[in-house]
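Undergrad: Below are the structure tokens for one structure; questions will follow.
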Amino acid sequence: MARRSAFPAAALWLWSILLCLLALRAEAGPPQEESLYLWIDAHQARVLIGFEEDILIVSEGKMAPFTHDFRKAQQRMPAIPVNIHSMNFTWQAAGQAEYFYEFLSLRSLDKGIMADPTVNVPLLGTVPHKASVVQVGFPCLGKQDGVAAFEVNVIVMNSEGNTILQTPQNAIFFKTCQQAECPGGCRNGGFCNERRICECPDGFHGPHCEKALCTPRCMNGGLCVTPGFCICPPGFYGVNCDKANCSTTCFNGGTCFYPGKCICPPGLEGEQCEISKCPQPCRNGGKCIGKSKCKCSKGYQGDLCSKPVCEPGCGAHGTCHEPNKCQCQEGWHGRHCNKRYGASLIHALRPAGAQLRQHTPSLKKAEERRDPPESNYIW
């Protein structure tokens, strides 16, 4: 809060300039709902004086109190600093009322130092009903150091042709210019520092601040013309030209990335992704991922995913019928088809000695003959 009550030294010149450049003479009259407004928005104020707050200059067709003492302000008016190349003002005609403006004079009195002031609107026109920016530029030529005098004279009239606002006559302003020490100069509001390097304002970059910065960047050959604004080539649109105007439809999940061209998912080809790379379809949930190449779902294998997989296998007496399901030959059973029907009966009919020998193998052989461990597969 204390910051607003004590202006920094950098703000003093702005208030003096405002008192002069914008100390328009207002005709007396009661406030109207349909009226004229003029202000400096918070972003421009932050750039100029460090305060991020709207500065109201004209409200309901009447000047703000700080603009009244023009003569005193002109006597103490400093020159506009080197690093300020333009000032933005926002104006708006409220309601249905029509207001007309005319720039009567935009003239440099020191043309060897600064060219005539510029504005980004026609010299004669209507104050818009939508809030719009009027930029006044101070184009230093960069040929020599010095202070250039200039004048800006503008009037605003109502629909009856009566002048309601006017810059005081014979108002002279001053702009400090320096020789362009940076080769090629600095553009878009950049200024040359003591190291002879251009310092660019937000949204611009490059050796001469000549390039606008777009985030995200402009794609497909789009051109970033102002910060955050891309001009797209024919056939593309979107904030950063990332979308294509496609007359062609991409099928099967394909994406149009260029007019008439599709990016196809794996396993598809053709101008519209209408052709599968697998002449024979992949079976059992498999997906085509390349020319005659299938990616099989769990439990299947083979070129077309037609062969089920049984782990660790069905042995010599069985066939894998479904994933982890063995179909055993006649006379065999078990998870891996490794058990024979009737083996217990044959074992019982053998001689006692043979049985003893049969049932007293070495520890090592007994371990080798042990059945495979139980698995987690569901049969």
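Chain labels run A, B, ... following the order of the structure tokens; each chain numbers its residues from 1, and ligands are numbered from 1 in the order shown.
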Hey, what's within 9 Å of Val156 (chain A) if we count only C-alpha atoms and toss same-chain stuff fewer than 2 positions away? As a PyMOL selection string, please?

TA: chain A and resi 99-102+127+154+158+162-166

Undergrad: For those residues, write all heavy atoms to a file as a compact mmCIF listing (two decimals), in the first residue's frame.

TA:
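The new file part_27.txt reads:
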```txt
# COMPACT_ATOMS: atom_id res chain seq x y z
N TYR A 99 -18.72 8.89 -31.26
CA TYR A 99 -17.70 9.93 -31.09
C TYR A 99 -16.71 9.82 -32.24
O TYR A 99 -16.33 8.71 -32.64
CB TYR A 99 -16.99 9.78 -29.74
CG TYR A 99 -17.90 10.03 -28.57
CD1 TYR A 99 -18.56 8.97 -27.95
CD2 TYR A 99 -18.10 11.32 -28.09
CE1 TYR A 99 -19.41 9.19 -26.89
CE2 TYR A 99 -18.95 11.55 -27.01
CZ TYR A 99 -19.61 10.49 -26.42
OH TYR A 99 -20.45 10.71 -25.37
N PHE A 100 -16.29 10.97 -32.73
CA PHE A 100 -15.36 11.02 -33.84
C PHE A 100 -14.08 11.71 -33.40
O PHE A 100 -14.11 12.62 -32.57
CB PHE A 100 -15.99 11.78 -35.01
CG PHE A 100 -17.31 11.21 -35.45
CD1 PHE A 100 -18.50 11.68 -34.91
CD2 PHE A 100 -17.37 10.19 -36.37
CE1 PHE A 100 -19.72 11.15 -35.28
CE2 PHE A 100 -18.59 9.65 -36.76
CZ PHE A 100 -19.77 10.13 -36.21
N TYR A 101 -12.96 11.26 -33.94
CA TYR A 101 -11.68 11.86 -33.57
C TYR A 101 -10.92 12.27 -34.83
O TYR A 101 -11.18 11.77 -35.93
CB TYR A 101 -10.84 10.86 -32.77
CG TYR A 101 -10.33 9.69 -33.60
CD1 TYR A 101 -9.11 9.77 -34.29
CD2 TYR A 101 -11.07 8.52 -33.73
CE1 TYR A 101 -8.66 8.72 -35.07
CE2 TYR A 101 -10.63 7.47 -34.51
CZ TYR A 101 -9.42 7.57 -35.17
OH TYR A 101 -8.98 6.54 -35.96
N GLU A 102 -9.97 13.15 -34.65
CA GLU A 102 -9.08 13.53 -35.75
C GLU A 102 -7.73 13.97 -35.16
O GLU A 102 -7.68 14.78 -34.24
CB GLU A 102 -9.68 14.67 -36.58
CG GLU A 102 -8.78 15.06 -37.75
CD GLU A 102 -9.37 16.16 -38.62
OE1 GLU A 102 -10.47 16.66 -38.27
OE2 GLU A 102 -8.73 16.51 -39.62
N VAL A 127 -14.42 6.63 -32.63
CA VAL A 127 -13.97 5.95 -31.41
C VAL A 127 -14.75 4.63 -31.29
O VAL A 127 -15.99 4.64 -31.33
CB VAL A 127 -14.20 6.83 -30.16
CG1 VAL A 127 -13.76 6.08 -28.90
CG2 VAL A 127 -13.45 8.15 -30.28
N VAL A 154 -4.86 16.30 -31.09
CA VAL A 154 -6.01 15.47 -31.45
C VAL A 154 -7.27 16.09 -30.85
O VAL A 154 -7.23 16.70 -29.78
CB VAL A 154 -5.83 14.03 -30.93
CG1 VAL A 154 -5.70 13.99 -29.42
CG2 VAL A 154 -6.97 13.11 -31.38
N ASN A 158 -18.52 14.95 -30.74
CA ASN A 158 -19.71 14.11 -30.61
C ASN A 158 -20.43 14.03 -31.95
O ASN A 158 -19.98 14.60 -32.95
CB ASN A 158 -20.62 14.63 -29.49
CG ASN A 158 -21.09 16.05 -29.75
OD1 ASN A 158 -21.07 16.54 -30.89
ND2 ASN A 158 -21.54 16.73 -28.69
N ASN A 162 -19.75 18.78 -32.22
CA ASN A 162 -19.20 19.64 -31.18
C ASN A 162 -17.94 19.01 -30.61
O ASN A 162 -17.91 17.81 -30.31
CB ASN A 162 -20.22 19.86 -30.06
CG ASN A 162 -21.47 20.54 -30.57
OD1 ASN A 162 -21.40 21.45 -31.40
ND2 ASN A 162 -22.63 20.10 -30.09
N THR A 163 -16.89 19.82 -30.45
CA THR A 163 -15.64 19.34 -29.86
C THR A 163 -15.82 19.17 -28.36
O THR A 163 -16.18 20.11 -27.66
CB THR A 163 -14.49 20.33 -30.14
OG1 THR A 163 -14.33 20.46 -31.56
CG2 THR A 163 -13.19 19.84 -29.51
N ILE A 164 -15.58 17.94 -27.87
CA ILE A 164 -15.73 17.70 -26.43
C ILE A 164 -14.37 17.51 -25.75
O ILE A 164 -14.25 17.74 -24.56
CB ILE A 164 -16.64 16.49 -26.16
CG1 ILE A 164 -16.06 15.22 -26.77
CG2 ILE A 164 -18.04 16.73 -26.67
CD1 ILE A 164 -16.78 13.97 -26.33
N LEU A 165 -13.36 17.08 -26.49
CA LEU A 165 -12.01 16.93 -25.96
C LEU A 165 -11.00 17.42 -26.99
O LEU A 165 -11.17 17.18 -28.19
CB LEU A 165 -11.71 15.47 -25.60
CG LEU A 165 -12.55 14.81 -24.52
CD1 LEU A 165 -12.24 13.32 -24.45
CD2 LEU A 165 -12.31 15.46 -23.17
N GLN A 166 -9.94 18.10 -26.52
CA GLN A 166 -8.92 18.57 -27.44
C GLN A 166 -7.60 18.75 -26.72
O GLN A 166 -7.55 19.24 -25.59
CB GLN A 166 -9.34 19.91 -28.08
CG GLN A 166 -8.31 20.44 -29.08
CD GLN A 166 -8.77 21.70 -29.77
OE1 GLN A 166 -9.86 22.21 -29.49
NE2 GLN A 166 -7.97 22.20 -30.68
```

Undergrad: Skipping near chain neighbours, those fewer than 4 positions away, what residues fall within 10 Å of Thr255 (chain A) using only C-alpha atoms, listed as a list in words?

TA: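 In the requested form, the answer reads Ala244, Cys246, Thr249, Cys250, Phe251, Lys261, Cys262, Ile263, Cys264, Pro265, Gln272 and Cys273 of chain A.
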
Undergrad: Since we have the selection now, will you write its residues out, keeping N, CA and C atoms, as a PDB file, in the first residue's frame?

TA:
```pdb
ATOM      1  N   ALA A 244      -4.960 -29.521 -39.492  1.00  0.00           N
ATOM      2  CA  ALA A 244      -5.027 -29.464 -40.943  1.00  0.00           C
ATOM      3  C   ALA A 244      -6.479 -29.459 -41.407  1.00  0.00           C
ATOM      4  N   CYS A 246      -8.636 -30.983 -43.668  1.00  0.00           N
ATOM      5  CA  CYS A 246      -8.570 -32.193 -44.482  1.00  0.00           C
ATOM      6  C   CYS A 246      -9.898 -32.464 -45.161  1.00  0.00           C
ATOM      7  N   THR A 249     -10.955 -38.150 -45.339  1.00  0.00           N
ATOM      8  CA  THR A 249     -11.227 -38.745 -44.028  1.00  0.00           C
ATOM      9  C   THR A 249     -10.231 -39.860 -43.768  1.00  0.00           C
ATOM     10  N   CYS A 250      -9.628 -39.854 -42.591  1.00  0.00           N
ATOM     11  CA  CYS A 250      -8.705 -40.919 -42.197  1.00  0.00           C
ATOM     12  C   CYS A 250      -9.485 -41.985 -41.425  1.00  0.00           C
ATOM     13  N   PHE A 251      -9.390 -43.238 -41.880  1.00  0.00           N
ATOM     14  CA  PHE A 251     -10.138 -44.332 -41.261  1.00  0.00           C
ATOM     15  C   PHE A 251      -9.289 -45.056 -40.215  1.00  0.00           C
ATOM     16  N   LYS A 261      -3.352 -35.952 -46.334  1.00  0.00           N
ATOM     17  CA  LYS A 261      -2.421 -36.982 -45.879  1.00  0.00           C
ATOM     18  C   LYS A 261      -2.785 -37.424 -44.457  1.00  0.00           C
ATOM     19  N   CYS A 262      -2.696 -38.743 -44.241  1.00  0.00           N
ATOM     20  CA  CYS A 262      -3.045 -39.308 -42.933  1.00  0.00           C
ATOM     21  C   CYS A 262      -1.834 -39.976 -42.293  1.00  0.00           C
ATOM     22  N   ILE A 263      -1.726 -39.878 -40.979  1.00  0.00           N
ATOM     23  CA  ILE A 263      -0.799 -40.712 -40.203  1.00  0.00           C
ATOM     24  C   ILE A 263      -1.589 -41.930 -39.749  1.00  0.00           C
ATOM     25  N   CYS A 264      -1.139 -43.119 -40.161  1.00  0.00           N
ATOM     26  CA  CYS A 264      -1.896 -44.337 -39.879  1.00  0.00           C
ATOM     27  C   CYS A 264      -1.350 -45.038 -38.638  1.00  0.00           C
ATOM     28  N   PRO A 265      -2.220 -45.700 -37.883  1.00  0.00           N
ATOM     29  CA  PRO A 265      -1.752 -46.515 -36.760  1.00  0.00           C
ATOM     30  C   PRO A 265      -0.915 -47.680 -37.276  1.00  0.00           C
ATOM     31  N   GLN A 272      -5.930 -43.255 -46.820  1.00  0.00           N
ATOM     32  CA  GLN A 272      -6.907 -43.026 -45.772  1.00  0.00           C
ATOM     33  C   GLN A 272      -6.816 -44.082 -44.665  1.00  0.00           C
ATOM     34  N   CYS A 273      -5.682 -44.761 -44.579  1.00  0.00           N
ATOM     35  CA  CYS A 273      -5.485 -45.819 -43.581  1.00  0.00           C
ATOM     36  C   CYS A 273      -6.530 -46.924 -43.723  1.00  0.00           C
TER      37      CYS A 273
END
```

Undergrad: A:Cys320, A:Val152, A:Met87, A:Leu109: which is nearest His43 (chain A), counting only C-alpha atoms?

TA: A:Met87

Undergrad: Can you list, as a list in words, every protein, DNA or RNA residue that comes within 7 Å of Phe173 (chain A) when you count only C-alpha atoms, leaving out same-chain residues fewer than 3 positions away?

TA: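 The residues satisfying every condition are Ala149, Phe150 and Glu151 of chain A.
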
Undergrad: So that I have them on file, write out the residues from the current selection with N, CA and C atoms, as a short mmCIF file (atom, residue, chain, number, x, y, z; two decimals), in the first residue's frame.

TA:
```cif
data_model
loop_
_atom_site.label_atom_id
_atom_site.label_comp_id
_atom_site.auth_asym_id
_atom_site.auth_seq_id
_atom_site.Cartn_x
_atom_site.Cartn_y
_atom_site.Cartn_z
N ALA A 149 12.05 17.60 -30.09
CA ALA A 149 10.75 18.18 -29.75
C ALA A 149 9.72 17.71 -30.76
N PHE A 150 8.49 17.48 -30.30
CA PHE A 150 7.43 17.07 -31.23
C PHE A 150 6.08 17.53 -30.68
N GLU A 151 5.09 17.49 -31.55
CA GLU A 151 3.74 17.88 -31.14
C GLU A 151 2.74 16.83 -31.60
#
```

Undergrad: Using only C-alpha atoms, which of the listed residues (A:Trp39, A:Trp91, A:Phe257, A:Tyr237) sits closest to Leu223 (chain A)?

TA: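 Once distances to Leu223 (chain A) are computed over only C-alpha atoms, the minimum belongs to A:Tyr237.
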
Undergrad: Residues at most 12 Å from Arg107 (chain A), counting only C-alpha atoms, excluding those fewer than 4 positions away in the same chain, as JSON, numbers by chain?

TA: {"A": [103, 111, 114, 115, 116, 117, 118, 119, 137, 138, 139, 148, 149, 150, 151, 152, 153, 170, 171, 172, 173, 174]}

Undergrad: Glu322 (chain A): which residues within 8 Å, counting only C-alpha atoms, same-chain residues fewer than 4 positions away excluded, as number ranges by chain?

TA: A: 308-310, 326

Undergrad: Those selected residues, please, written with all heavy atoms and delivered as a PDB file, in the first residue's frame.

TA:
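To be explicit, this is the file written out as part38.pdb:
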```pdb
ATOM      1  N   PRO A 308      -1.993 -71.789 -29.699  1.00  0.00           N
ATOM      2  CA  PRO A 308      -2.013 -71.537 -28.249  1.00  0.00           C
ATOM      3  C   PRO A 308      -0.673 -71.911 -27.615  1.00  0.00           C
ATOM      4  O   PRO A 308       0.084 -72.712 -28.159  1.00  0.00           O
ATOM      5  CB  PRO A 308      -3.151 -72.419 -27.742  1.00  0.00           C
ATOM      6  CG  PRO A 308      -3.250 -73.518 -28.752  1.00  0.00           C
ATOM      7  CD  PRO A 308      -2.857 -72.932 -30.077  1.00  0.00           C
ATOM      8  N   VAL A 309      -0.396 -71.320 -26.481  1.00  0.00           N
ATOM      9  CA  VAL A 309       0.856 -71.569 -25.770  1.00  0.00           C
ATOM     10  C   VAL A 309       0.544 -72.261 -24.454  1.00  0.00           C
ATOM     11  O   VAL A 309      -0.309 -71.789 -23.681  1.00  0.00           O
ATOM     12  CB  VAL A 309       1.606 -70.235 -25.501  1.00  0.00           C
ATOM     13  CG1 VAL A 309       2.880 -70.501 -24.690  1.00  0.00           C
ATOM     14  CG2 VAL A 309       1.950 -69.562 -26.811  1.00  0.00           C
ATOM     15  N   CYS A 310       1.242 -73.414 -24.193  1.00  0.00           N
ATOM     16  CA  CYS A 310       1.124 -74.105 -22.916  1.00  0.00           C
ATOM     17  C   CYS A 310       2.501 -74.118 -22.263  1.00  0.00           C
ATOM     18  O   CYS A 310       3.486 -74.522 -22.891  1.00  0.00           O
ATOM     19  CB  CYS A 310       0.639 -75.550 -23.115  1.00  0.00           C
ATOM     20  SG  CYS A 310      -1.055 -75.661 -23.716  1.00  0.00           S
ATOM     21  N   CYS A 326      -3.689 -78.766 -22.013  1.00  0.00           N
ATOM     22  CA  CYS A 326      -3.183 -79.841 -22.859  1.00  0.00           C
ATOM     23  C   CYS A 326      -4.288 -80.858 -23.172  1.00  0.00           C
ATOM     24  O   CYS A 326      -5.087 -81.201 -22.288  1.00  0.00           O
ATOM     25  CB  CYS A 326      -2.027 -80.565 -22.160  1.00  0.00           C
ATOM     26  SG  CYS A 326      -0.549 -79.531 -21.943  1.00  0.00           S
TER      27      CYS A 326
END
```

Undergrad: Between A:Gly260, A:Asn83, A:Cys296, A:Leu104, which is the closest to Glu199 (chain A) once you count only C-alpha atoms?

TA: A:Asn83
